Each structure stands twice: as structure tokens, then as C-alpha cells.
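Raw start26.txt, compact mmCIF, C-alpha atoms and all ligand atoms:
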# COMPACT_ATOMS: atom_id res chain seq x y z
CA MET L 27 90.73 36.26 -17.08
CA ASP L 28 94.10 36.33 -15.33
CA GLN L 29 96.11 33.33 -16.59
CA GLY L 30 97.91 32.87 -13.27
CA THR L 31 94.88 32.47 -11.03
CA PRO L 32 93.68 28.92 -11.87
CA LYS L 33 97.22 27.53 -11.66
CA ARG L 34 97.77 29.13 -8.26
CA SER L 35 94.42 27.87 -7.05
CA TYR L 36 95.22 24.28 -8.25
CA ARG L 37 98.50 24.44 -6.35
CA ARG L 38 96.58 25.48 -3.23
CA HIS L 39 94.24 22.48 -3.61
CA PHE L 40 97.22 20.22 -4.22
CA ILE L 41 99.00 21.36 -1.03
CA ILE L 42 95.86 20.99 1.09
CA VAL L 43 95.10 17.53 -0.33
CA SER L 44 98.73 16.40 0.13
CA LEU L 45 98.66 17.46 3.78
CA LEU L 46 95.29 15.76 4.31
CA VAL L 47 96.56 12.54 2.67
CA ALA L 48 99.61 12.56 4.94
CA VAL L 49 97.51 13.12 8.08
CA VAL L 50 94.85 10.52 7.19
CA ALA L 51 97.55 8.01 6.14
CA ILE L 52 99.30 8.37 9.50
CA ILE L 53 96.04 8.08 11.46
CA SER L 54 94.86 5.06 9.42
CA THR L 55 98.19 3.30 9.80
CA ILE L 56 98.27 3.91 13.55
CA GLY L 57 94.68 2.65 13.77
CA LEU L 58 95.40 -0.49 11.72
CA ARG L 59 98.51 -1.29 13.71
CA ALA L 60 96.67 -0.81 16.97
CA MET L 61 94.24 -3.62 16.08
CA PRO L 62 94.72 -6.61 18.38
CA LYS L 63 96.92 -9.42 17.07
CA PHE L 64 97.39 -12.94 18.41
CA PRO L 65 100.42 -13.19 20.67
CA ARG L 66 103.65 -14.30 19.04
CA ALA L 67 105.37 -17.53 20.07
CA SER L 68 108.12 -18.09 17.49
CA THR L 69 111.09 -16.20 16.08
CA GLN L 70 109.49 -16.60 12.62
CA ALA L 71 106.39 -14.76 13.90
CA LEU L 72 108.45 -11.61 14.51
CA THR L 73 109.60 -11.56 10.87
CA VAL L 74 106.11 -12.27 9.52
CA ASP L 75 104.56 -9.56 11.70
CA TRP L 76 107.19 -7.06 10.58
CA LEU L 77 106.21 -7.68 6.95
CA TYR L 78 102.53 -7.54 7.90
CA ASP L 79 103.01 -4.16 9.60
CA LEU L 80 104.82 -2.88 6.52
CA HIS L 81 101.74 -3.82 4.47
CA LEU L 82 99.58 -1.85 6.90
CA VAL L 83 101.61 1.30 6.11
CA VAL L 84 100.90 0.88 2.38
CA ILE L 85 97.24 0.03 3.05
CA GLY L 86 96.90 3.14 5.26
CA PHE L 87 98.48 5.33 2.57
CA LEU L 88 96.33 3.93 -0.27
CA PHE L 89 93.19 4.29 1.84
CA ALA L 90 94.07 7.95 2.53
CA LEU L 91 94.92 8.60 -1.13
CA VAL L 92 91.57 7.30 -2.40
CA MET L 93 89.33 8.64 0.37
CA VAL L 94 90.88 12.11 0.66
CA PHE L 95 90.83 12.78 -3.09
CA MET L 96 87.27 11.50 -3.41
CA LEU L 97 85.80 13.31 -0.38
CA TYR L 98 87.74 16.53 -1.09
CA SER L 99 86.40 16.59 -4.66
CA LEU L 100 82.86 15.80 -3.50
CA PHE L 101 82.75 18.69 -1.06
CA VAL L 102 85.08 21.36 -2.46
CA PHE L 103 84.13 21.10 -6.15
CA ARG L 104 80.42 20.51 -5.73
CA ARG L 105 78.09 22.68 -7.84
CA LYS L 106 77.22 25.90 -5.99
CA PRO L 107 73.84 27.60 -6.22
CA GLY L 108 73.68 29.58 -9.47
CA GLU L 109 76.38 27.54 -11.24
CA ASP L 110 74.84 25.81 -14.24
CA GLY L 111 77.74 25.74 -16.74
CA ASP L 112 79.90 22.73 -17.71
CA GLY L 113 82.91 21.82 -15.61
CA ASP L 114 86.50 22.48 -16.79
CA HIS L 115 87.74 20.25 -19.59
CA PHE L 116 90.97 18.28 -19.04
CA GLU L 117 93.03 16.62 -21.79
CA GLY L 118 94.85 14.21 -19.49
CA ASN L 119 98.21 14.63 -17.78
CA THR L 120 101.21 12.62 -19.01
CA LYS L 121 103.35 13.46 -15.98
CA LEU L 122 100.63 12.26 -13.60
CA GLU L 123 100.11 9.05 -15.59
CA ILE L 124 103.83 8.25 -15.47
CA VAL L 125 103.87 8.85 -11.72
CA TRP L 126 100.85 6.67 -10.96
CA THR L 127 102.24 3.87 -13.12
CA VAL L 128 105.86 3.90 -12.00
CA LEU L 129 105.24 4.46 -8.28
CA PRO L 130 102.93 1.43 -7.76
CA LEU L 131 105.30 -0.63 -9.92
CA ILE L 132 108.20 0.24 -7.62
CA ILE L 133 106.11 -0.52 -4.52
CA VAL L 134 104.95 -3.91 -5.87
CA LEU L 135 108.49 -4.88 -6.97
CA ALA L 136 109.90 -3.77 -3.62
CA PHE L 137 107.35 -5.91 -1.80
CA GLY L 138 108.21 -8.82 -4.09
CA VAL L 139 111.85 -8.56 -3.08
CA ILE L 140 111.06 -8.04 0.62
CA GLY L 141 108.65 -11.02 0.48
CA ALA L 142 111.28 -13.28 -1.08
CA VAL L 143 113.90 -12.24 1.49
CA THR L 144 111.40 -12.80 4.32
CA LEU L 145 110.44 -16.23 2.98
CA LYS L 146 114.12 -17.19 2.78
CA ASP L 147 114.52 -15.97 6.34
CA VAL L 148 111.59 -17.89 7.89
CA THR L 149 112.39 -21.13 6.04
CA ALA L 150 116.16 -21.03 6.69
CA ALA L 151 117.70 -24.15 8.27
CA GLN L 152 118.84 -23.64 11.87
CA GLU L 153 121.63 -25.29 13.84
CA ASP L 154 120.73 -28.27 16.07
CA GLU L 155 117.24 -28.68 14.69
CA MET L 156 114.96 -31.21 16.32
CA THR L 157 112.87 -33.18 13.83
CA VAL L 158 109.18 -33.76 14.49
CA ASN L 159 107.21 -35.89 12.05
CA VAL L 160 103.65 -34.65 11.80
CA THR L 161 100.99 -36.94 10.37
CA ALA L 162 97.56 -35.54 9.55
CA PHE L 163 94.50 -37.68 9.01
CA SER L 164 90.76 -37.06 8.90
CA PHE L 165 90.44 -35.69 11.50
CA GLY L 166 93.43 -35.53 13.80
CA TRP L 167 97.16 -35.18 14.29
CA GLN L 168 99.98 -37.46 15.31
CA PHE L 169 103.48 -36.36 16.31
CA ASP L 170 106.60 -38.55 16.18
CA TYR L 171 110.00 -37.48 17.48
CA PRO L 172 112.49 -39.74 15.66
CA ASP L 173 115.54 -38.17 17.38
CA LEU L 174 114.07 -38.92 20.82
CA GLY L 175 112.26 -42.20 20.28
CA VAL L 176 108.86 -40.70 21.06
CA GLU L 177 106.13 -42.14 18.87
CA LYS L 178 102.48 -41.41 18.26
CA ALA L 179 102.18 -38.47 20.63
CA THR L 180 98.78 -36.79 20.47
CA THR L 181 100.05 -33.44 21.78
CA LEU L 182 102.85 -31.37 20.32
CA ASN L 183 105.30 -30.63 23.12
CA LEU L 184 108.34 -28.50 22.31
CA PRO L 185 111.16 -27.05 24.39
CA VAL L 186 111.32 -23.25 24.29
CA GLY L 187 114.16 -21.89 22.13
CA GLN L 188 114.72 -25.20 20.30
CA PRO L 189 114.64 -24.87 16.48
CA VAL L 190 112.23 -27.48 15.09
CA LEU L 191 112.04 -29.00 11.63
CA PHE L 192 108.54 -30.32 11.01
CA LYS L 193 108.31 -33.06 8.39
CA LEU L 194 104.69 -33.12 7.38
CA LYS L 195 102.57 -35.70 5.66
CA SER L 196 98.95 -36.61 5.22
CA LEU L 197 97.95 -40.28 5.15
CA ASP L 198 98.02 -41.80 1.64
CA GLN L 199 94.27 -42.25 1.19
CA ASP L 200 93.45 -39.02 2.99
CA VAL L 201 92.85 -35.42 1.87
CA ILE L 202 94.88 -32.21 2.13
CA HIS L 203 95.16 -30.70 5.60
CA SER L 204 97.12 -27.67 6.75
CA PHE L 205 99.32 -27.29 9.82
CA TYR L 206 98.83 -23.91 11.47
CA VAL L 207 99.58 -22.58 14.93
CA VAL L 208 98.50 -18.95 14.75
CA GLU L 209 101.08 -17.88 17.35
CA PHE L 210 103.85 -19.31 15.09
CA ARG L 211 102.42 -17.30 12.13
CA VAL L 212 103.77 -19.80 9.56
CA LYS L 213 101.73 -22.63 8.04
CA GLN L 214 102.15 -25.50 5.65
CA ASP L 215 99.84 -27.85 3.77
CA LEU L 216 100.03 -31.62 4.30
CA VAL L 217 99.44 -33.35 0.98
CA PRO L 218 98.95 -37.12 0.55
CA GLY L 219 102.01 -38.53 -1.21
CA VAL L 220 103.96 -35.25 -1.14
CA PRO L 221 106.14 -34.72 1.97
CA THR L 222 106.39 -31.07 3.02
CA GLN L 223 108.31 -29.28 5.73
CA LEU L 224 108.15 -26.26 7.98
CA ARG L 225 110.62 -24.64 10.37
CA VAL L 226 109.66 -23.05 13.66
CA THR L 227 111.68 -21.87 16.64
CA PRO L 228 109.17 -21.52 19.49
CA ASN L 229 110.33 -18.77 21.84
CA VAL L 230 107.51 -18.15 24.35
CA GLU L 231 106.35 -20.78 26.83
CA GLY L 232 102.63 -21.41 26.87
CA ALA L 233 99.70 -23.52 25.68
CA TYR L 234 98.62 -23.14 22.07
CA LYS L 235 96.71 -25.14 19.46
CA VAL L 236 97.39 -26.66 16.07
CA ARG L 237 94.39 -25.86 13.91
CA CYS L 238 93.82 -27.47 10.53
CA ASN L 239 93.74 -24.59 8.05
CA GLU L 240 92.35 -26.40 5.03
CA LEU L 241 88.64 -27.13 4.77
CA CYS L 242 88.95 -30.93 4.78
CA GLY L 243 85.59 -32.41 5.72
CA THR L 244 82.97 -32.69 8.42
CA GLY L 245 85.55 -32.91 11.23
CA HIS L 246 87.60 -29.93 10.04
CA THR L 247 86.60 -27.57 12.87
CA ASN L 248 87.53 -30.17 15.46
CA MET L 249 90.85 -31.03 13.88
CA LEU L 250 92.87 -29.59 16.74
CA ALA L 251 95.85 -30.66 18.81
CA ASP L 252 97.36 -29.13 21.93
CA VAL L 253 100.73 -27.43 21.63
CA ASN L 254 102.77 -27.02 24.79
CA ILE L 255 105.90 -24.87 24.70
CA VAL L 256 107.74 -25.73 27.91
CA ASN L 257 111.19 -25.38 29.44
CA GLN L 258 113.82 -28.03 28.73
CA THR L 259 113.36 -29.77 32.11
CA ASP L 260 109.61 -30.18 31.64
CA PHE L 261 110.16 -31.31 28.08
CA ASP L 262 112.66 -33.98 29.11
CA ALA L 263 110.17 -35.22 31.71
CA TRP L 264 107.46 -35.38 29.07
CA VAL L 265 109.73 -37.40 26.77
CA VAL L 266 110.38 -39.94 29.56
CA GLU L 267 106.66 -40.17 30.26
CA GLN L 268 105.77 -40.64 26.57
CA LYS L 269 108.32 -43.39 26.16
CA ALA L 270 107.00 -45.16 29.26
CA ALA L 271 103.45 -45.01 27.91
CA PHE L 272 104.58 -47.03 24.91
CA SER L 273 106.87 -49.42 26.75
CA PRO L 274 105.92 -53.10 26.20
CA GLU L 275 105.17 -53.45 29.92
CA ARG L 276 102.72 -50.54 29.99
CA LEU L 277 101.10 -51.66 26.76
CA ALA L 278 100.75 -55.25 28.04
CA ALA L 279 99.02 -53.99 31.18
CA LEU L 280 96.65 -51.93 29.00
CA GLY L 281 96.10 -55.01 26.81
CA GLN L 282 95.08 -57.03 29.84
CA GLU L 283 92.47 -54.39 30.72
CA LEU L 284 91.18 -54.35 27.13
CA HIS L 285 90.90 -58.16 27.13
CA ALA L 286 88.21 -57.80 29.76
CA SER L 287 86.70 -54.39 28.92
CA GLN L 288 86.36 -55.03 25.16
CA GLY L 289 84.82 -58.48 25.74
CA CYS L 290 87.69 -60.45 24.14
CA ILE L 291 87.53 -62.61 27.26
CA ALA L 292 84.11 -63.96 26.23
CA CYS L 293 85.66 -66.01 23.41
CA HIS L 294 89.43 -66.01 24.08
CA ASN L 295 90.52 -67.41 27.43
CA VAL L 296 94.07 -67.02 28.71
CA THR L 297 94.17 -70.37 30.54
CA GLY L 298 95.16 -72.54 27.59
CA ASP L 299 91.76 -74.29 27.49
CA PRO L 300 91.15 -75.13 23.78
CA GLY L 301 87.36 -75.36 24.20
CA GLY L 302 86.52 -71.62 23.84
CA VAL L 303 84.51 -69.97 21.05
CA GLY L 304 87.81 -68.63 19.73
CA PRO L 305 91.40 -69.85 20.18
CA THR L 306 93.00 -69.40 23.59
CA TRP L 307 95.57 -66.61 23.87
CA LYS L 308 97.90 -68.65 26.07
CA GLY L 309 100.93 -69.77 24.14
CA LEU L 310 99.51 -68.17 21.00
CA TYR L 311 102.36 -65.80 20.14
CA GLY L 312 104.92 -67.52 17.95
CA ALA L 313 102.84 -70.71 17.63
CA GLN L 314 102.25 -72.53 14.34
CA ARG L 315 98.67 -72.05 13.12
CA GLU L 316 96.56 -74.20 10.84
CA PHE L 317 93.78 -72.38 9.03
CA ALA L 318 90.37 -73.53 7.81
CA ASP L 319 91.51 -73.27 4.18
CA GLY L 320 94.37 -75.71 4.83
CA SER L 321 97.15 -73.09 4.84
CA THR L 322 99.49 -72.58 7.77
CA GLY L 323 101.36 -69.68 9.31
CA VAL L 324 103.15 -68.41 12.39
CA ALA L 325 101.31 -66.25 14.90
CA ASP L 326 103.63 -63.24 14.67
CA GLU L 327 102.72 -59.58 15.28
CA GLU L 328 101.43 -59.09 11.75
CA TYR L 329 99.19 -62.15 12.06
CA LEU L 330 97.82 -61.01 15.42
CA ARG L 331 97.11 -57.53 14.09
CA SER L 332 95.26 -58.80 11.01
CA SER L 333 93.36 -61.30 13.17
CA ILE L 334 92.06 -58.41 15.27
CA LEU L 335 91.35 -55.94 12.46
CA ALA L 336 90.32 -58.38 9.67
CA SER L 337 89.51 -61.60 11.48
CA GLN L 338 87.62 -63.22 8.58
CA GLU L 339 90.72 -63.36 6.37
CA ARG L 340 92.25 -66.35 8.16
CA ILE L 341 90.13 -68.55 10.38
CA VAL L 342 91.93 -71.08 12.53
CA ALA L 343 90.85 -74.62 11.66
CA GLY L 344 88.10 -75.88 13.94
CA TYR L 345 86.65 -72.46 14.81
CA ALA L 346 83.64 -70.58 13.42
CA ALA L 347 84.03 -67.16 11.73
CA VAL L 348 82.02 -65.29 14.35
CA MET L 349 84.40 -62.54 15.47
CA PRO L 350 83.02 -58.98 15.11
CA GLN L 351 84.40 -57.06 12.13
CA ASN L 352 84.46 -53.55 13.56
CA TYR L 353 87.64 -53.53 15.65
CA ALA L 354 89.40 -51.19 13.23
CA ASP L 355 86.78 -48.59 14.26
CA VAL L 356 86.58 -49.57 17.91
CA LEU L 357 90.27 -49.84 18.79
CA SER L 358 93.06 -47.30 18.32
CA ASP L 359 96.44 -48.38 16.93
CA GLN L 360 97.81 -48.11 20.43
CA GLN L 361 95.08 -50.38 21.82
CA VAL L 362 95.68 -53.00 19.12
CA GLN L 363 99.39 -52.89 19.93
CA ALA L 364 98.53 -53.21 23.63
CA ILE L 365 96.52 -56.39 23.02
CA ILE L 366 99.39 -57.83 20.96
CA GLU L 367 101.87 -57.02 23.76
CA TYR L 368 99.54 -58.68 26.25
CA ILE L 369 99.27 -61.85 24.13
CA LYS L 370 103.08 -61.92 23.92
CA THR L 371 103.29 -62.17 27.71
CA LEU L 372 100.97 -65.20 27.82
CA GLN L 373 103.55 -67.88 27.18
CU1 LIG F 401 92.06 -31.13 8.18
CU2 LIG F 401 90.71 -29.21 7.92
What would the structure in this file look like if it were written as C-alpha cells?
Amino acid sequence: MDQGTPKRSYRRHFIIVSLLVAVVAIISTIGLRAMPKFPRASTQALTVDWLYDLHLVVIGFLFALVMVFMLYSLFVFRRKPGEDGDGDHFEGNTKLEIVWTVLPLIIVLAFGVIGAVTLKDVTAAQEDEMTVNVTAFSFGWQFDYPDLGVEKATTLNLPVGQPVLFKLKSLDQDVIHSFYVVEFRVKQDLVPGVPTQLRVTPNVEGAYKVRCNELCGTGHTNMLADVNIVNQTDFDAWVVEQKAAFSPERLAALGQELHASQGCIACHNVTGDPGGVGPTWKGLYGAQREFADGSTGVADEEYLRSSILASQERIVAGYAAVMPQNYADVLSDQQVQAIIEYIKTLQ
């Protein structure tokens, strides 16, 4: 047999397969990159998507490499009618083994470096960052803006173009949650006792959602909060509105409503009449109290709060321990504060 023929025929297969791999790789990559993505709404998202797209190129190439070689072999080298001998025997190929070891090594190392650079990029501190403290609990979110005096917001409002430093925590007795806005592309766990942080510069106005990204319990799927990226004017207006909602005057007015709607009024009058089921609220704030166990104390905020949430701990002398024990479940922190602010006005 002519020694040159098999070699020439292998080269022909090699050229055909190489061309096919190139074509399939390009088509696969185009197809993968054409798949719909969530819109982007942060500068970090652009960097993350760039890295993601780079992965798609490698995935497209590897897919083509495996599929083309496999399918080509299946069809071109299948046994033809009349062929019943053994196939050719190969002793291995050192050159090929070096190539398929070194090439993936280079690709993996390159992605390691690119990944590290990208991580440094998306976590880099920005100038004029606005701090937002994010508190996660089962199952909800709370946002505090220490620079602006906004507390306990239930929606995350951010001005477009403003770099934000999120300081994240989960309540001490709670579980791990994860802060994720898919349009921001970056996410971070919130771990009880371990403060974490995340940087985002929102750059597209719109309405988005924080979704908890850590399976945390029965309420996990509903652990959402609205995110509003708005212009600076709208944001400033929102800040004013949030502050007003927590002003003592607004809270006191809410407290007065709760006094009636939550039934406090049934036992606690506001007229100063000492004959009620429970102590009157008039003149209560700041007054000296005598308790059933003989101890005394001043009716300050802490006392009022514990009297609402754990009323059995200190019973005022002369009254029965009949107050319901479920106000920690019934009332929000804001509502408890509102009742306290209302009592303060009853001097
Ligand atoms: Cu919190 Cu899932």
C-alpha cells in the first residue's frame, strides 16, 4: 500500500473537521448570545455581562469541538457493507495530548485572571458613595439611609447614577438571606453576625425587585422588596416624604388611630380617669410607676415599649395582668413607636 495515502487522507479529515468546528462554534456562540437576558440597570451589570458573554464563546467552541468530532466520526467512519475487519490501531499521540492539556490550562488560568480583575472592578469603591444599610429578616427587607436620615424604608429607592455602598446584615437570630436584584447582576449574602457589603451604581431608571437568593424558609419566594431607580428630583422628594412619615407628629397621629382601632381604648383611657381596667395614658410618659412586685421605675420609652410587647413583665400596682400577650405579632415596630409617640403627647 502507498505509504502517503493514509496520511493525506487524515489531513483531509482534519481540515474538514477544523472548518466544521469553526462554523458550528460561531453559530452556537451567536445562538447563545442571542438568548434573551434581563435588562441591565447598573454599571456593574455591563462588566458582569461582558464576562458572561466571554464564557459563551468558550462554551460555543467546546460544544462544537465535542459534537463535530463525535458526529463526524459516527457518520464518516461507520462500518460500510462488506467491511468486517478490525479498525486501525493507534498507539496514542504525545503531541495531541500536550495540546489538549496545555490549551485548557491556559484557558482556565486566563479566565481566573479575567475573573479576578472583573471582581476587583465590580467591587471597587466609588467617589461620593451613598450608604444604604440593608437588614434582612424572615421574610422581608428594611432599608436605612444613614447619610440622609431615612429609617426603616420598606422600598429601596435610589437616584440614577449615584454610586451606592450597601451594608448588609441579617438579624442576629435569623438565617442567611441573599440580596439580589437581577438587573444589577451582582449579589451578596446577608449572614447573621457577619456584616457584608456590596457596591452598585444604578444607571437606568425603572422599577425592579430585590429577590432573596438564598433558600431561607417558607416565606422565601415572597421575600421581595420594590426597587425604584429614579431621577435626583424624585429621589429628594421621596426622602422628604419618608422623613415626614416618621416624624413624631405623624407617628403620634397614627398612634391615636391605633389606640382606637387596636382596642387599647377599651382598657386605657386618655382622660386621666384612674378607674380603667389598665392605667390611663394621660400623664403617663415620664411618670413614676409603682409595680405589683414593689419595685418602681420611670415610664420612659423603653418602659412603654416593653409594656406593650411584654406586658406581664411589670404590672403596675393595683391592676390585674390581663393585657393580651400577642402585640409583638400584631403591631409593627413603626406602630409600637407610633403608640409611644401618641402617649408622649398626652401630658
Ligand atoms: Cu430570605 Cu430566601
Nearest to ligand LIG 401 (chain F) by atom-to-atom distance, counting all atoms listed in the file, from L:Gln351, L:Gln360, L:Gln223, L:Asn248: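 The shortest atom-to-atom distance to ligand LIG 401 (chain F) comes from L:Asn248.
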Kindly assemble as a Markdown table a list of the chain L residues that lie within 8 Å of ligand LIG 401 (chain F), each paired with its nearest atom pair and their distance in Å to one decimal, using all atoms listed in the file, sorted first by chain and then by ascending residue number.
| residue | atom | partner | partner_atom | distance |
| --- | --- | --- | --- | --- |
| L:Ala162 | CA | F:LIG401 | CU1 | 7.2 |
| L:Phe163 | CA | F:LIG401 | CU1 | 7.0 |
| L:Ser164 | CA | F:LIG401 | CU1 | 6.1 |
| L:Phe165 | CA | F:LIG401 | CU1 | 5.9 |
| L:Gly166 | CA | F:LIG401 | CU1 | 7.3 |
| L:Val201 | CA | F:LIG401 | CU1 | 7.7 |
| L:Ile202 | CA | F:LIG401 | CU1 | 6.8 |
| L:His203 | CA | F:LIG401 | CU1 | 4.1 |
| L:Ser204 | CA | F:LIG401 | CU1 | 6.3 |
| L:Arg237 | CA | F:LIG401 | CU2 | 7.8 |
| L:Cys238 | CA | F:LIG401 | CU2 | 4.4 |
| L:Asn239 | CA | F:LIG401 | CU2 | 5.5 |
| L:Glu240 | CA | F:LIG401 | CU2 | 4.4 |
| L:Leu241 | CA | F:LIG401 | CU2 | 4.3 |
| L:Cys242 | CA | F:LIG401 | CU2 | 4.0 |
| L:Gly243 | CA | F:LIG401 | CU2 | 6.4 |
| L:Gly245 | CA | F:LIG401 | CU2 | 7.2 |
| L:His246 | CA | F:LIG401 | CU2 | 3.8 |
| L:Thr247 | CA | F:LIG401 | CU2 | 6.6 |
| L:Met249 | CA | F:LIG401 | CU1 | 5.8 |
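Neighbouring residues of Ile291 of chain L at 10 Å or closer, counting only C-alpha atoms and skipping chain neighbours under 4 positions away, are Gln282, Leu284, His285, Ala286, Ser287, Asn295, Val296, Gly302, Gly304, Thr306 and Trp307 of chain L.
Minimum atom-to-atom distance to Pro274 of chain L, evaluated using only C-alpha atoms, belongs to L:Glu367 out of L:Glu367, L:Asp319, L:Asp355, L:Glu209.
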Length of the atom CA of Gly320 of chain L to atom CA of Ala343 of chain L vector [Å]: 7.8 Å
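One finds atom CA of Leu191 of chain L at 4.8 Å from atom CA of Arg225 of chain L.
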Residue neighbourhood Phe261 of chain L, 7 Å, only C-alpha atoms, exclusion window fewer than 6 positions, as a list in words: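 My list of contacting residues is Asn183, Leu184 and Pro185 of chain L.
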Residues within 10 Å of Leu72 of chain L, only C-alpha atoms, excluding chain neighbours under 6 positions, as a VMD selection string: chain L and resid 66 78 148 210 to 211
Put those residues in a file: C-alpha atoms, as a PDB file, keeping the file's coordinate frame.
ATOM      1  CA  ARG L  66     103.650 -14.300  19.040  1.00  0.00           C
ATOM      2  CA  TYR L  78     102.530  -7.540   7.900  1.00  0.00           C
ATOM      3  CA  VAL L 148     111.590 -17.890   7.890  1.00  0.00           C
ATOM      4  CA  PHE L 210     103.850 -19.310  15.090  1.00  0.00           C
ATOM      5  CA  ARG L 211     102.420 -17.300  12.130  1.00  0.00           C
TER       6      ARG L 211
END
